[in-house]
>>> print(open('query.cif').read())   # mmCIF, C-alpha atoms and all ligand atoms
data_target
loop_
_atom_site.group_PDB
_atom_site.id
_atom_site.type_symbol
_atom_site.label_atom_id
_atom_site.label_comp_id
_atom_site.auth_asym_id
_atom_site.auth_seq_id
_atom_site.Cartn_x
_atom_site.Cartn_y
_atom_site.Cartn_z
ATOM 1 C CA MET K 1 35.706 14.254 -138.409
ATOM 2 C CA TYR K 2 36.198 10.672 -139.612
ATOM 3 C CA PRO K 3 36.137 10.341 -143.416
ATOM 4 C CA SER K 4 36.074 6.532 -143.148
ATOM 5 C CA LEU K 5 32.473 6.789 -141.855
ATOM 6 C CA GLU K 6 31.155 8.416 -145.018
ATOM 7 C CA GLY K 7 28.551 6.131 -146.622
ATOM 8 C CA LYS K 8 28.732 3.552 -143.819
ATOM 9 C CA VAL K 9 25.390 2.186 -142.657
ATOM 10 C CA VAL K 10 24.873 2.726 -138.942
ATOM 11 C CA LEU K 11 21.939 1.343 -136.924
ATOM 12 C CA ILE K 12 21.218 2.801 -133.476
ATOM 13 C CA THR K 13 18.649 1.273 -131.106
ATOM 14 C CA GLY K 14 16.795 3.636 -128.777
ATOM 15 C CA GLY K 15 17.959 6.366 -131.125
ATOM 16 C CA ALA K 16 15.225 8.977 -130.626
ATOM 17 C CA THR K 17 16.385 10.464 -127.328
ATOM 18 C CA GLY K 18 19.439 11.197 -125.215
ATOM 19 C CA LEU K 19 22.624 9.421 -126.230
ATOM 20 C CA GLY K 20 20.971 7.686 -129.183
ATOM 21 C CA LYS K 21 19.833 11.003 -130.614
ATOM 22 C CA ALA K 22 23.274 12.577 -130.153
ATOM 23 C CA MET K 23 24.917 9.605 -131.853
ATOM 24 C CA ALA K 24 22.410 9.650 -134.729
ATOM 25 C CA GLU K 25 23.088 13.341 -135.354
ATOM 26 C CA ARG K 26 26.862 12.923 -135.103
ATOM 27 C CA PHE K 27 26.963 9.931 -137.475
ATOM 28 C CA GLY K 28 24.709 11.934 -139.806
ATOM 29 C CA ALA K 29 27.175 14.835 -139.717
ATOM 30 C CA GLU K 30 29.912 12.303 -140.572
ATOM 31 C CA LYS K 31 27.862 11.507 -143.729
ATOM 32 C CA ALA K 32 27.014 8.011 -142.603
ATOM 33 C CA LYS K 33 23.644 6.488 -143.537
ATOM 34 C CA VAL K 34 21.790 6.340 -140.245
ATOM 35 C CA VAL K 35 18.915 4.109 -139.199
ATOM 36 C CA ILE K 36 17.214 5.200 -135.997
ATOM 37 C CA ASN K 37 15.248 2.594 -134.091
ATOM 38 C CA TYR K 38 12.694 4.208 -131.818
ATOM 39 C CA PHE K 39 10.300 2.794 -129.258
ATOM 40 C CA ASN K 40 7.372 5.244 -129.035
ATOM 41 C CA GLU K 41 8.899 8.622 -129.975
ATOM 42 C CA GLU K 42 7.596 8.944 -133.538
ATOM 43 C CA GLN K 43 7.464 12.765 -133.386
ATOM 44 C CA GLU K 44 10.982 13.270 -132.015
ATOM 45 C CA VAL K 45 12.481 10.983 -134.608
ATOM 46 C CA GLN K 46 11.210 13.106 -137.491
ATOM 47 C CA GLY K 47 13.081 16.092 -136.053
ATOM 48 C CA ILE K 48 16.307 14.073 -135.885
ATOM 49 C CA ILE K 49 15.941 12.967 -139.501
ATOM 50 C CA GLU K 50 15.443 16.606 -140.530
ATOM 51 C CA THR K 51 18.549 17.688 -138.604
ATOM 52 C CA ILE K 52 20.599 14.968 -140.308
ATOM 53 C CA GLU K 53 19.245 15.857 -143.739
ATOM 54 C CA LYS K 54 19.943 19.553 -143.190
ATOM 55 C CA ALA K 55 23.549 18.626 -142.427
ATOM 56 C CA GLY K 56 23.692 16.810 -145.786
ATOM 57 C CA GLY K 57 23.267 13.332 -144.308
ATOM 58 C CA ILE K 58 20.670 10.649 -144.838
ATOM 59 C CA ALA K 59 18.555 8.789 -142.289
ATOM 60 C CA SER K 60 15.610 6.469 -141.859
ATOM 61 C CA ALA K 61 13.564 5.436 -138.824
ATOM 62 C CA ILE K 62 11.977 2.186 -137.716
ATOM 63 C CA GLN K 63 9.828 1.472 -134.690
ATOM 64 C CA GLY K 64 10.655 -1.630 -132.665
ATOM 65 C CA ASP K 65 11.000 -3.182 -129.236
ATOM 66 C CA VAL K 66 14.516 -4.548 -128.652
ATOM 67 C CA THR K 67 13.213 -7.166 -126.227
ATOM 68 C CA LYS K 68 11.352 -8.867 -129.071
ATOM 69 C CA GLU K 69 13.346 -11.134 -131.344
ATOM 70 C CA GLU K 70 11.041 -10.552 -134.310
ATOM 71 C CA ASP K 71 11.332 -6.755 -133.866
ATOM 72 C CA ILE K 72 15.146 -6.883 -133.883
ATOM 73 C CA LYS K 73 15.057 -9.013 -137.017
ATOM 74 C CA GLY K 74 12.652 -6.483 -138.556
ATOM 75 C CA ILE K 75 14.869 -3.519 -137.615
ATOM 76 C CA ILE K 76 17.906 -5.164 -139.221
ATOM 77 C CA ALA K 77 15.900 -6.168 -142.300
ATOM 78 C CA HIS K 78 14.669 -2.564 -142.664
ATOM 79 C CA THR K 79 18.265 -1.308 -142.468
ATOM 80 C CA ILE K 80 19.506 -3.676 -145.162
ATOM 81 C CA LYS K 81 16.496 -3.001 -147.390
ATOM 82 C CA THR K 82 16.871 0.778 -147.036
ATOM 83 C CA PHE K 83 20.650 1.207 -147.280
ATOM 84 C CA ASP K 84 21.832 -2.151 -148.612
ATOM 85 C CA SER K 85 24.260 -2.925 -145.783
ATOM 86 C CA LEU K 86 24.956 -2.838 -142.059
ATOM 87 C CA ASP K 87 28.435 -1.693 -141.038
ATOM 88 C CA VAL K 88 27.965 -0.340 -137.519
ATOM 89 C CA MET K 89 25.479 -1.684 -134.961
ATOM 90 C CA ILE K 90 24.938 0.392 -131.831
ATOM 91 C CA ASN K 91 22.980 -1.374 -129.097
ATOM 92 C CA ASN K 92 21.987 1.648 -127.068
ATOM 93 C CA ALA K 93 18.373 1.175 -125.852
ATOM 94 C CA GLY K 94 18.223 0.889 -122.091
ATOM 95 C CA ILE K 95 16.077 1.539 -119.036
ATOM 96 C CA GLU K 96 16.480 1.812 -115.264
ATOM 97 C CA ASN K 97 14.266 2.212 -112.202
ATOM 98 C CA GLU K 98 15.119 2.599 -108.545
ATOM 99 C CA VAL K 99 13.889 -0.112 -106.177
ATOM 100 C CA PRO K 100 15.463 -1.457 -102.956
ATOM 101 C CA SER K 101 16.553 -4.980 -103.863
ATOM 102 C CA GLU K 102 14.413 -6.751 -101.249
ATOM 103 C CA GLU K 103 11.328 -5.209 -102.905
ATOM 104 C CA LEU K 104 12.331 -5.719 -106.528
ATOM 105 C CA THR K 105 9.683 -7.726 -108.359
ATOM 106 C CA LEU K 106 10.539 -10.422 -110.841
ATOM 107 C CA GLU K 107 8.626 -8.384 -113.409
ATOM 108 C CA ASP K 108 10.896 -5.347 -112.905
ATOM 109 C CA TRP K 109 14.018 -7.523 -112.899
ATOM 110 C CA ASN K 110 12.991 -9.200 -116.157
ATOM 111 C CA LYS K 111 12.076 -5.900 -117.808
ATOM 112 C CA VAL K 112 15.474 -4.333 -117.206
ATOM 113 C CA ILE K 113 17.453 -7.473 -118.039
ATOM 114 C CA SER K 114 15.468 -8.118 -121.211
ATOM 115 C CA THR K 115 15.922 -4.535 -122.449
ATOM 116 C CA ASN K 116 19.499 -3.833 -121.376
ATOM 117 C CA LEU K 117 21.105 -7.263 -121.767
ATOM 118 C CA THR K 118 18.945 -9.605 -123.849
ATOM 119 C CA GLY K 119 18.039 -6.759 -126.225
ATOM 120 C CA GLN K 120 21.724 -5.994 -126.745
ATOM 121 C CA PHE K 121 22.501 -9.694 -127.252
ATOM 122 C CA LEU K 122 19.813 -9.986 -129.924
ATOM 123 C CA GLY K 123 21.166 -6.879 -131.654
ATOM 124 C CA CYS K 124 24.718 -8.285 -131.566
ATOM 125 C CA ARG K 125 23.656 -11.710 -132.788
ATOM 126 C CA GLU K 126 21.619 -10.492 -135.733
ATOM 127 C CA ALA K 127 24.198 -7.897 -136.803
ATOM 128 C CA ILE K 128 27.093 -10.351 -136.541
ATOM 129 C CA ASP K 129 25.176 -13.000 -138.488
ATOM 130 C CA TYR K 130 24.632 -10.522 -141.322
ATOM 131 C CA MET K 131 28.234 -9.281 -141.223
ATOM 132 C CA LEU K 132 29.616 -12.836 -141.331
ATOM 133 C CA GLU K 133 27.382 -13.812 -144.216
ATOM 134 C CA ASN K 134 28.371 -10.707 -146.191
ATOM 135 C CA LYS K 135 32.035 -10.673 -145.145
ATOM 136 C CA ILE K 136 31.677 -7.214 -143.599
ATOM 137 C CA LYS K 137 34.385 -6.201 -141.150
ATOM 138 C CA GLY K 138 31.852 -4.337 -139.075
ATOM 139 C CA SER K 139 31.850 -2.616 -135.742
ATOM 140 C CA ILE K 140 29.476 -3.339 -132.872
ATOM 141 C CA ILE K 141 29.153 -0.827 -130.032
ATOM 142 C CA ASN K 142 27.222 -1.730 -126.897
ATOM 143 C CA MET K 143 26.125 0.983 -124.485
ATOM 144 C CA SER K 144 27.185 -0.107 -121.044
ATOM 145 C CA SER K 145 27.641 2.131 -117.982
ATOM 146 C CA VAL K 146 30.074 2.854 -115.174
ATOM 147 C CA HIS K 147 27.776 0.415 -113.348
ATOM 148 C CA GLN K 148 29.382 -2.473 -115.185
ATOM 149 C CA GLU K 149 32.128 -1.743 -112.627
ATOM 150 C CA ILE K 150 30.606 0.294 -109.784
ATOM 151 C CA PRO K 151 28.012 -1.518 -107.609
ATOM 152 C CA TRP K 152 24.723 0.423 -107.401
ATOM 153 C CA PRO K 153 22.354 -0.283 -104.520
ATOM 154 C CA HIS K 154 18.639 0.039 -105.442
ATOM 155 C CA PHE K 155 19.588 -0.636 -109.080
ATOM 156 C CA VAL K 156 20.701 -4.268 -108.814
ATOM 157 C CA HIS K 157 18.929 -5.245 -112.054
ATOM 158 C CA TYR K 158 20.588 -2.370 -113.917
ATOM 159 C CA ALA K 159 24.067 -3.115 -112.521
ATOM 160 C CA ALA K 160 23.643 -6.828 -113.319
ATOM 161 C CA SER K 161 22.576 -5.993 -116.877
ATOM 162 C CA LYS K 162 25.569 -3.730 -117.496
ATOM 163 C CA GLY K 163 28.000 -6.207 -115.899
ATOM 164 C CA GLY K 164 26.553 -8.716 -118.347
ATOM 165 C CA VAL K 165 27.063 -6.318 -121.256
ATOM 166 C CA LYS K 166 30.769 -6.067 -120.366
ATOM 167 C CA LEU K 167 31.471 -9.799 -120.529
ATOM 168 C CA MET K 168 29.139 -10.290 -123.473
ATOM 169 C CA THR K 169 31.105 -7.613 -125.344
ATOM 170 C CA GLU K 170 34.475 -9.153 -124.461
ATOM 171 C CA THR K 171 33.321 -12.676 -125.347
ATOM 172 C CA LEU K 172 31.941 -11.610 -128.726
ATOM 173 C CA ALA K 173 35.079 -9.564 -129.403
ATOM 174 C CA LEU K 174 37.182 -12.687 -128.894
ATOM 175 C CA GLU K 175 34.842 -14.910 -130.873
ATOM 176 C CA PHE K 176 34.658 -12.721 -133.972
ATOM 177 C CA ALA K 177 38.085 -11.055 -134.034
ATOM 178 C CA PRO K 178 39.280 -13.554 -136.683
ATOM 179 C CA HIS K 179 36.553 -12.210 -138.977
ATOM 180 C CA GLY K 180 37.567 -8.593 -138.464
ATOM 181 C CA ILE K 181 34.348 -7.785 -136.604
ATOM 182 C CA ARG K 182 35.146 -5.491 -133.673
ATOM 183 C CA VAL K 183 32.933 -5.482 -130.585
ATOM 184 C CA ASN K 184 33.404 -2.748 -127.991
ATOM 185 C CA CYS K 185 31.394 -0.948 -125.376
ATOM 186 C CA ILE K 186 31.121 2.579 -124.068
ATOM 187 C CA ALA K 187 30.612 3.089 -120.331
ATOM 188 C CA PRO K 188 29.219 6.574 -119.695
ATOM 189 C CA GLY K 189 29.170 8.158 -116.259
ATOM 190 C CA ALA K 190 26.393 10.661 -115.496
ATOM 191 C CA ILE K 191 25.182 12.279 -118.707
ATOM 192 C CA ASP K 192 22.452 14.871 -119.192
ATOM 193 C CA THR K 193 19.719 12.810 -120.892
ATOM 194 C CA PRO K 194 16.040 11.966 -120.236
ATOM 195 C CA ILE K 195 17.020 8.887 -118.179
ATOM 196 C CA ASN K 196 18.401 11.312 -115.549
ATOM 197 C CA ALA K 197 15.904 14.172 -116.012
ATOM 198 C CA GLU K 198 14.036 13.614 -112.761
ATOM 199 C CA LYS K 199 17.239 13.219 -110.713
ATOM 200 C CA PHE K 200 18.957 16.271 -112.181
ATOM 201 C CA SER K 201 15.880 18.467 -111.700
ATOM 202 C CA ASP K 202 16.333 18.027 -107.940
ATOM 203 C CA PRO K 203 19.234 20.328 -106.881
ATOM 204 C CA GLU K 204 20.165 18.147 -103.880
ATOM 205 C CA LEU K 205 20.295 14.938 -105.913
ATOM 206 C CA LYS K 206 22.244 16.694 -108.676
ATOM 207 C CA LYS K 207 24.767 18.002 -106.115
ATOM 208 C CA GLY K 208 25.203 14.443 -104.817
ATOM 209 C CA VAL K 209 25.984 13.210 -108.336
ATOM 210 C CA LEU K 210 28.422 16.067 -109.018
ATOM 211 C CA GLU K 211 30.392 15.092 -105.912
ATOM 212 C CA LEU K 212 31.093 11.742 -107.579
ATOM 213 C CA ILE K 213 32.590 13.325 -110.717
ATOM 214 C CA PRO K 214 36.226 14.459 -110.391
ATOM 215 C CA MET K 215 35.931 16.619 -113.523
ATOM 216 C CA GLY K 216 33.095 18.497 -111.832
ATOM 217 C CA TYR K 217 30.353 18.487 -114.438
ATOM 218 C CA ILE K 218 27.586 16.294 -115.826
ATOM 219 C CA GLY K 219 28.592 14.929 -119.227
ATOM 220 C CA LYS K 220 26.967 16.044 -122.454
ATOM 221 C CA PRO K 221 25.447 13.515 -124.896
ATOM 222 C CA GLU K 222 27.777 14.870 -127.605
ATOM 223 C CA GLU K 223 30.768 13.701 -125.542
ATOM 224 C CA ILE K 224 29.482 10.131 -125.743
ATOM 225 C CA ALA K 225 28.687 10.476 -129.459
ATOM 226 C CA ALA K 226 32.329 11.520 -129.963
ATOM 227 C CA CYS K 227 33.444 8.200 -128.440
ATOM 228 C CA ALA K 228 31.062 6.263 -130.672
ATOM 229 C CA VAL K 229 32.276 7.784 -133.956
ATOM 230 C CA TRP K 230 35.890 7.114 -133.008
ATOM 231 C CA LEU K 231 35.156 3.475 -132.077
ATOM 232 C CA ALA K 232 33.238 2.963 -135.326
ATOM 233 C CA SER K 233 35.900 4.603 -137.494
ATOM 234 C CA LYS K 234 39.026 3.200 -139.094
ATOM 235 C CA GLU K 235 41.038 5.092 -136.490
ATOM 236 C CA ALA K 236 40.002 2.365 -134.031
ATOM 237 C CA SER K 237 40.753 -0.474 -136.484
ATOM 238 C CA TYR K 238 42.866 -2.441 -133.959
ATOM 239 C CA VAL K 239 40.544 -1.900 -130.997
ATOM 240 C CA THR K 240 38.245 -4.710 -129.888
ATOM 241 C CA GLY K 241 36.881 -5.899 -126.535
ATOM 242 C CA LEU K 242 37.430 -2.437 -125.073
ATOM 243 C CA THR K 243 35.281 -0.649 -122.539
ATOM 244 C CA LEU K 244 35.712 3.036 -123.267
ATOM 245 C CA TYR K 245 34.889 4.836 -120.026
ATOM 246 C CA ALA K 246 33.586 8.360 -120.602
ATOM 247 C CA ASP K 247 32.787 9.393 -117.073
ATOM 248 C CA GLY K 248 34.723 12.502 -116.021
ATOM 249 C CA GLY K 249 36.809 10.269 -113.754
ATOM 250 C CA MET K 250 33.876 8.675 -111.896
ATOM 251 C CA THR K 251 35.527 5.245 -111.916
ATOM 252 C CA GLN K 252 38.773 6.611 -110.441
ATOM 253 C CA TYR K 253 37.640 6.425 -106.781
ATOM 254 C CA PRO K 254 36.654 10.104 -106.312
ATOM 255 C CA GLY K 255 36.357 9.551 -102.537
ATOM 256 C CA PHE K 256 40.162 9.392 -102.393
ATOM 257 C CA GLN K 257 40.683 12.852 -103.903
ATOM 258 C CA ALA K 258 42.889 15.418 -102.136
ATOM 259 C CA GLY K 259 44.859 12.812 -100.203
ATOM 260 C CA LYS K 260 41.835 11.228 -98.490
ATOM 261 C CA GLY K 261 41.927 7.568 -97.625
HETATM 262 P P1 LIG U 301 17.130 7.717 -122.689
HETATM 263 O O1 LIG U 301 16.073 7.309 -121.733
HETATM 264 O O2 LIG U 301 17.033 9.027 -123.347
HETATM 265 O O3 LIG U 301 17.320 6.626 -123.841
HETATM 266 C C1 LIG U 301 16.919 5.310 -123.776
HETATM 267 C C2 LIG U 301 16.234 4.976 -125.090
HETATM 268 O O4 LIG U 301 15.948 3.573 -125.119
HETATM 269 C C3 LIG U 301 14.901 5.723 -125.264
HETATM 270 O O5 LIG U 301 14.869 6.310 -126.543
HETATM 271 C C4 LIG U 301 13.857 4.619 -125.141
HETATM 272 O O6 LIG U 301 12.695 4.825 -125.904
HETATM 273 C C5 LIG U 301 14.645 3.428 -125.669
HETATM 274 N N1 LIG U 301 14.072 2.151 -125.235
HETATM 275 C C6 LIG U 301 13.723 1.775 -123.981
HETATM 276 N N2 LIG U 301 13.202 0.535 -124.015
HETATM 277 C C7 LIG U 301 13.231 0.130 -125.315
HETATM 278 C C8 LIG U 301 12.835 -1.053 -125.990
HETATM 279 N N3 LIG U 301 12.305 -2.110 -125.330
HETATM 280 N N4 LIG U 301 13.024 -1.115 -127.326
HETATM 281 C C9 LIG U 301 13.552 -0.086 -128.015
HETATM 282 N N5 LIG U 301 13.953 1.063 -127.421
HETATM 283 C C10 LIG U 301 13.785 1.155 -126.095
HETATM 284 O O7 LIG U 301 18.484 7.607 -121.867
HETATM 285 P P2 LIG U 301 19.997 7.614 -122.366
HETATM 286 O O8 LIG U 301 20.779 8.182 -121.288
HETATM 287 O O9 LIG U 301 20.135 8.173 -123.711
HETATM 288 O O10 LIG U 301 20.314 6.049 -122.391
HETATM 289 C C11 LIG U 301 20.917 5.384 -123.485
HETATM 290 C C12 LIG U 301 21.789 4.255 -122.970
HETATM 291 O O11 LIG U 301 22.874 4.809 -122.241
HETATM 292 C C13 LIG U 301 21.101 3.271 -122.023
HETATM 293 O O12 LIG U 301 21.524 1.956 -122.337
HETATM 294 C C14 LIG U 301 21.615 3.690 -120.665
HETATM 295 O O13 LIG U 301 21.625 2.626 -119.734
HETATM 296 C C15 LIG U 301 23.024 4.135 -121.022
HETATM 297 N N6 LIG U 301 23.650 4.989 -120.035
HETATM 298 C C16 LIG U 301 23.208 6.275 -119.815
HETATM 299 C C17 LIG U 301 23.822 7.065 -118.868
HETATM 300 C C18 LIG U 301 23.402 8.464 -118.586
HETATM 301 O O14 LIG U 301 23.877 9.040 -117.588
HETATM 302 N N7 LIG U 301 22.549 9.075 -119.374
HETATM 303 C C19 LIG U 301 24.942 6.558 -118.071
HETATM 304 C C20 LIG U 301 25.331 5.223 -118.391
HETATM 305 C C21 LIG U 301 24.706 4.483 -119.341
#
>>> encode(input="query.cif", output="structure tokens", more="lines below")
Ligand code: NAI
Amino acid sequence: MYPSLEGKVVLITGGATGLGKAMAERFGAEKAKVVINYFNEEQEVQGIIETIEKAGGIASAIQGDVTKEEDIKGIIAHTIKTFDSLDVMINNAGIENEVPSEELTLEDWNKVISTNLTGQFLGCREAIDYMLENKIKGSIINMSSVHQEIPWPHFVHYAASKGGVKLMTETLALEFAPHGIRVNCIAPGAIDTPINAEKFSDPELKKGVLELIPMGYIGKPEEIAACAVWLASKEASYVTGLTLYADGGMTQYPGFQAGKG
């Protein structure tokens, strides 16, 4: 547990499912004040708030589309109005879809880039603006992916968005380090969340993914939430511009295991 998180105001985009949900519940258990942005999961979000409240935490929810500038501004305004601050901004909302690149429509490209990259930029910009104005030495966490590093055929828009998140994170880390605002990202490998539900329900596809993970299992959302609370806490006070890979070794060239290569 991280006592420095008690009472901190944490905003999580795409917080109603998967990694966002796990992070919301973990920050709640750390006694942070949690704001959950959701897209269209009004029912699920109520359950998360109840879980947090049962654990003695406090939470609020706000609908919004991260691709829309006015929605991001509204989500941040709701956070400040509800809990009177913003200490930790987690840009987590993201989407993917599989399409061979020669067939990828501009519409699909724009949808993924505007959610995964532009949406994260807007979240960073608005949070940093507020933190600067209020002299808050805050923490920004962007949800990237191992595909900021590993090329991914049929997911060129996704890989491009996450590659963009990496350099955006590093650039903002450099720009705002003098103000004590830390900007980091987490790069998960394959985690058991709704984004992967279809793939993991197919035993053959799941087996193919497992072969890429040296640790031999699909990650749990709680293992990513554990990275997020550390990055947001005082324990990571000197850490900025980092990509924290949480991938069971996926980025360590698993094809070379057992002396191959
Ligand atoms: P998920 O599908 O459960 O979560 C994505 C969330 O983003 C959903 O709650 C969805 O409603 C929300 N969202 C989508 N478009 C939105 C929009 N325009 N505005 C607001 N919210 C929107 O999947 P998961 O796994 O929890 O994904 C969270 C993040 O983690 C994503 O950025 C994803 O790329 C990243 N990630 C996930 C990995 C995994 O294996 N699960 C691996 C690497 C990265």
>>> resolve_selection(input="query.cif", expression="the PyMOL selection byres (((chain K and resi 212-217) around 12) and not hetatm)", output="ChimeraX atom specification")
/K:146,150,188-192,200,205-211,218-220,246-258
>>> resolve_selection(input="query.cif", expression="the PyMOL selection byres (((chain K and resi 110) around 12) and not hetatm)", output="PDB file with C-alpha atoms, in the coordinates of the input")
ATOM      1  CA  THR K  67      13.213  -7.166-126.227  1.00  0.00           C
ATOM      2  CA  ILE K  95      16.077   1.539-119.036  1.00  0.00           C
ATOM      3  CA  GLU K  96      16.480   1.812-115.264  1.00  0.00           C
ATOM      4  CA  LEU K 104      12.331  -5.719-106.528  1.00  0.00           C
ATOM      5  CA  THR K 105       9.683  -7.726-108.359  1.00  0.00           C
ATOM      6  CA  LEU K 106      10.539 -10.422-110.841  1.00  0.00           C
ATOM      7  CA  GLU K 107       8.626  -8.384-113.409  1.00  0.00           C
ATOM      8  CA  ASP K 108      10.896  -5.347-112.905  1.00  0.00           C
ATOM      9  CA  TRP K 109      14.018  -7.523-112.899  1.00  0.00           C
ATOM     10  CA  LYS K 111      12.076  -5.900-117.808  1.00  0.00           C
ATOM     11  CA  VAL K 112      15.474  -4.333-117.206  1.00  0.00           C
ATOM     12  CA  ILE K 113      17.453  -7.473-118.039  1.00  0.00           C
ATOM     13  CA  SER K 114      15.468  -8.118-121.211  1.00  0.00           C
ATOM     14  CA  THR K 115      15.922  -4.535-122.449  1.00  0.00           C
ATOM     15  CA  ASN K 116      19.499  -3.833-121.376  1.00  0.00           C
ATOM     16  CA  LEU K 117      21.105  -7.263-121.767  1.00  0.00           C
ATOM     17  CA  THR K 118      18.945  -9.605-123.849  1.00  0.00           C
ATOM     18  CA  GLY K 119      18.039  -6.759-126.225  1.00  0.00           C
ATOM     19  CA  VAL K 156      20.701  -4.268-108.814  1.00  0.00           C
ATOM     20  CA  HIS K 157      18.929  -5.245-112.054  1.00  0.00           C
ATOM     21  CA  TYR K 158      20.588  -2.370-113.917  1.00  0.00           C
ATOM     22  CA  ALA K 160      23.643  -6.828-113.319  1.00  0.00           C
ATOM     23  CA  SER K 161      22.576  -5.993-116.877  1.00  0.00           C
TER      24      SER K 161
END
>>> closest_residue(input="query.cif", among="K:Glu103, K:Glu25, K:Glu50, K:Glu42", to="ligand LIG 301 (chain U)", atoms="all atoms listed in the file")
K:Glu42
>>> closest_atom_pairs(input="query.cif", of="chain K", to="ligand LIG 301 (chain U)", cutoff="7 Å", atoms="all atoms listed in the file", output="CSV")
residue,atom,partner,partner_atom,distance
K:Thr13,CA,U:LIG301,N5,6.0
K:Gly14,CA,U:LIG301,O4,3.8
K:Gly15,CA,U:LIG301,O5,5.5
K:Ala16,CA,U:LIG301,O5,4.9
K:Thr17,CA,U:LIG301,O2,4.3
K:Gly18,CA,U:LIG301,O9,3.4
K:Leu19,CA,U:LIG301,O9,3.8
K:Gly20,CA,U:LIG301,O9,5.6
K:Asn37,CA,U:LIG301,C9,6.9
K:Tyr38,CA,U:LIG301,N5,5.6
K:Phe39,CA,U:LIG301,N5,4.4
K:Asn40,CA,U:LIG301,O6,6.2
K:Glu41,CA,U:LIG301,O6,6.7
K:Gly64,CA,U:LIG301,C9,5.7
K:Asp65,CA,U:LIG301,N4,3.5
K:Val66,CA,U:LIG301,N4,4.0
K:Thr67,CA,U:LIG301,N3,5.2
K:Asn92,CA,U:LIG301,O12,4.8
K:Ala93,CA,U:LIG301,O4,3.5
K:Gly94,CA,U:LIG301,O12,3.5
K:Ile95,CA,U:LIG301,C6,5.5
K:Glu96,CA,U:LIG301,O13,6.9
K:Thr115,CA,U:LIG301,N3,5.2
K:Asn116,CA,U:LIG301,O12,6.2
K:Met143,CA,U:LIG301,O12,5.2
K:Ser144,CA,U:LIG301,C21,5.5
K:Ser145,CA,U:LIG301,C20,3.9
K:Val146,CA,U:LIG301,C20,6.2
K:Ala187,CA,U:LIG301,C20,6.0
K:Pro188,CA,U:LIG301,C20,4.3
K:Gly189,CA,U:LIG301,C19,4.9
K:Ala190,CA,U:LIG301,O14,3.7
K:Ile191,CA,U:LIG301,O14,3.7
K:Asp192,CA,U:LIG301,N7,5.8
K:Thr193,CA,U:LIG301,O8,4.8
K:Pro194,CA,U:LIG301,O2,4.4
K:Ile195,CA,U:LIG301,O1,4.0
K:Asn196,CA,U:LIG301,N7,6.1
>>> write_last_selection(input="query.cif", atoms="C-alpha atoms", output="PDB file, in the frame of the given file")
ATOM      1  CA  THR K  13      18.649   1.273-131.106  1.00  0.00           C
ATOM      2  CA  GLY K  14      16.795   3.636-128.777  1.00  0.00           C
ATOM      3  CA  GLY K  15      17.959   6.366-131.125  1.00  0.00           C
ATOM      4  CA  ALA K  16      15.225   8.977-130.626  1.00  0.00           C
ATOM      5  CA  THR K  17      16.385  10.464-127.328  1.00  0.00           C
ATOM      6  CA  GLY K  18      19.439  11.197-125.215  1.00  0.00           C
ATOM      7  CA  LEU K  19      22.624   9.421-126.230  1.00  0.00           C
ATOM      8  CA  GLY K  20      20.971   7.686-129.183  1.00  0.00           C
ATOM      9  CA  ASN K  37      15.248   2.594-134.091  1.00  0.00           C
ATOM     10  CA  TYR K  38      12.694   4.208-131.818  1.00  0.00           C
ATOM     11  CA  PHE K  39      10.300   2.794-129.258  1.00  0.00           C
ATOM     12  CA  ASN K  40       7.372   5.244-129.035  1.00  0.00           C
ATOM     13  CA  GLU K  41       8.899   8.622-129.975  1.00  0.00           C
ATOM     14  CA  GLY K  64      10.655  -1.630-132.665  1.00  0.00           C
ATOM     15  CA  ASP K  65      11.000  -3.182-129.236  1.00  0.00           C
ATOM     16  CA  VAL K  66      14.516  -4.548-128.652  1.00  0.00           C
ATOM     17  CA  THR K  67      13.213  -7.166-126.227  1.00  0.00           C
ATOM     18  CA  ASN K  92      21.987   1.648-127.068  1.00  0.00           C
ATOM     19  CA  ALA K  93      18.373   1.175-125.852  1.00  0.00           C
ATOM     20  CA  GLY K  94      18.223   0.889-122.091  1.00  0.00           C
ATOM     21  CA  ILE K  95      16.077   1.539-119.036  1.00  0.00           C
ATOM     22  CA  GLU K  96      16.480   1.812-115.264  1.00  0.00           C
ATOM     23  CA  THR K 115      15.922  -4.535-122.449  1.00  0.00           C
ATOM     24  CA  ASN K 116      19.499  -3.833-121.376  1.00  0.00           C
ATOM     25  CA  MET K 143      26.125   0.983-124.485  1.00  0.00           C
ATOM     26  CA  SER K 144      27.185  -0.107-121.044  1.00  0.00           C
ATOM     27  CA  SER K 145      27.641   2.131-117.982  1.00  0.00           C
ATOM     28  CA  VAL K 146      30.074   2.854-115.174  1.00  0.00           C
ATOM     29  CA  ALA K 187      30.612   3.089-120.331  1.00  0.00           C
ATOM     30  CA  PRO K 188      29.219   6.574-119.695  1.00  0.00           C
ATOM     31  CA  GLY K 189      29.170   8.158-116.259  1.00  0.00           C
ATOM     32  CA  ALA K 190      26.393  10.661-115.496  1.00  0.00           C
ATOM     33  CA  ILE K 191      25.182  12.279-118.707  1.00  0.00           C
ATOM     34  CA  ASP K 192      22.452  14.871-119.192  1.00  0.00           C
ATOM     35  CA  THR K 193      19.719  12.810-120.892  1.00  0.00           C
ATOM     36  CA  PRO K 194      16.040  11.966-120.236  1.00  0.00           C
ATOM     37  CA  ILE K 195      17.020   8.887-118.179  1.00  0.00           C
ATOM     38  CA  ASN K 196      18.401  11.312-115.549  1.00  0.00           C
TER      39      ASN K 196
END
>>> closest_residue(input="query.cif", among="K:Gly123, K:Pro151, K:Gly241, K:Gly138", to="K:Glu170", atoms="all atoms listed in the file")
K:Gly241
>>> closest_residue(input="query.cif", among="K:Ser201, K:Asn91, K:Asn142, K:Thr171", to="K:Leu244", atoms="only C-alpha atoms")
K:Asn142
>>> resolve_selection(input="query.cif", expression="the PyMOL selection byres (((chain K and resi 55) around 12) and not hetatm)", output="VMD selection string")
chain K and resid 24 to 32 48 to 54 56 to 59
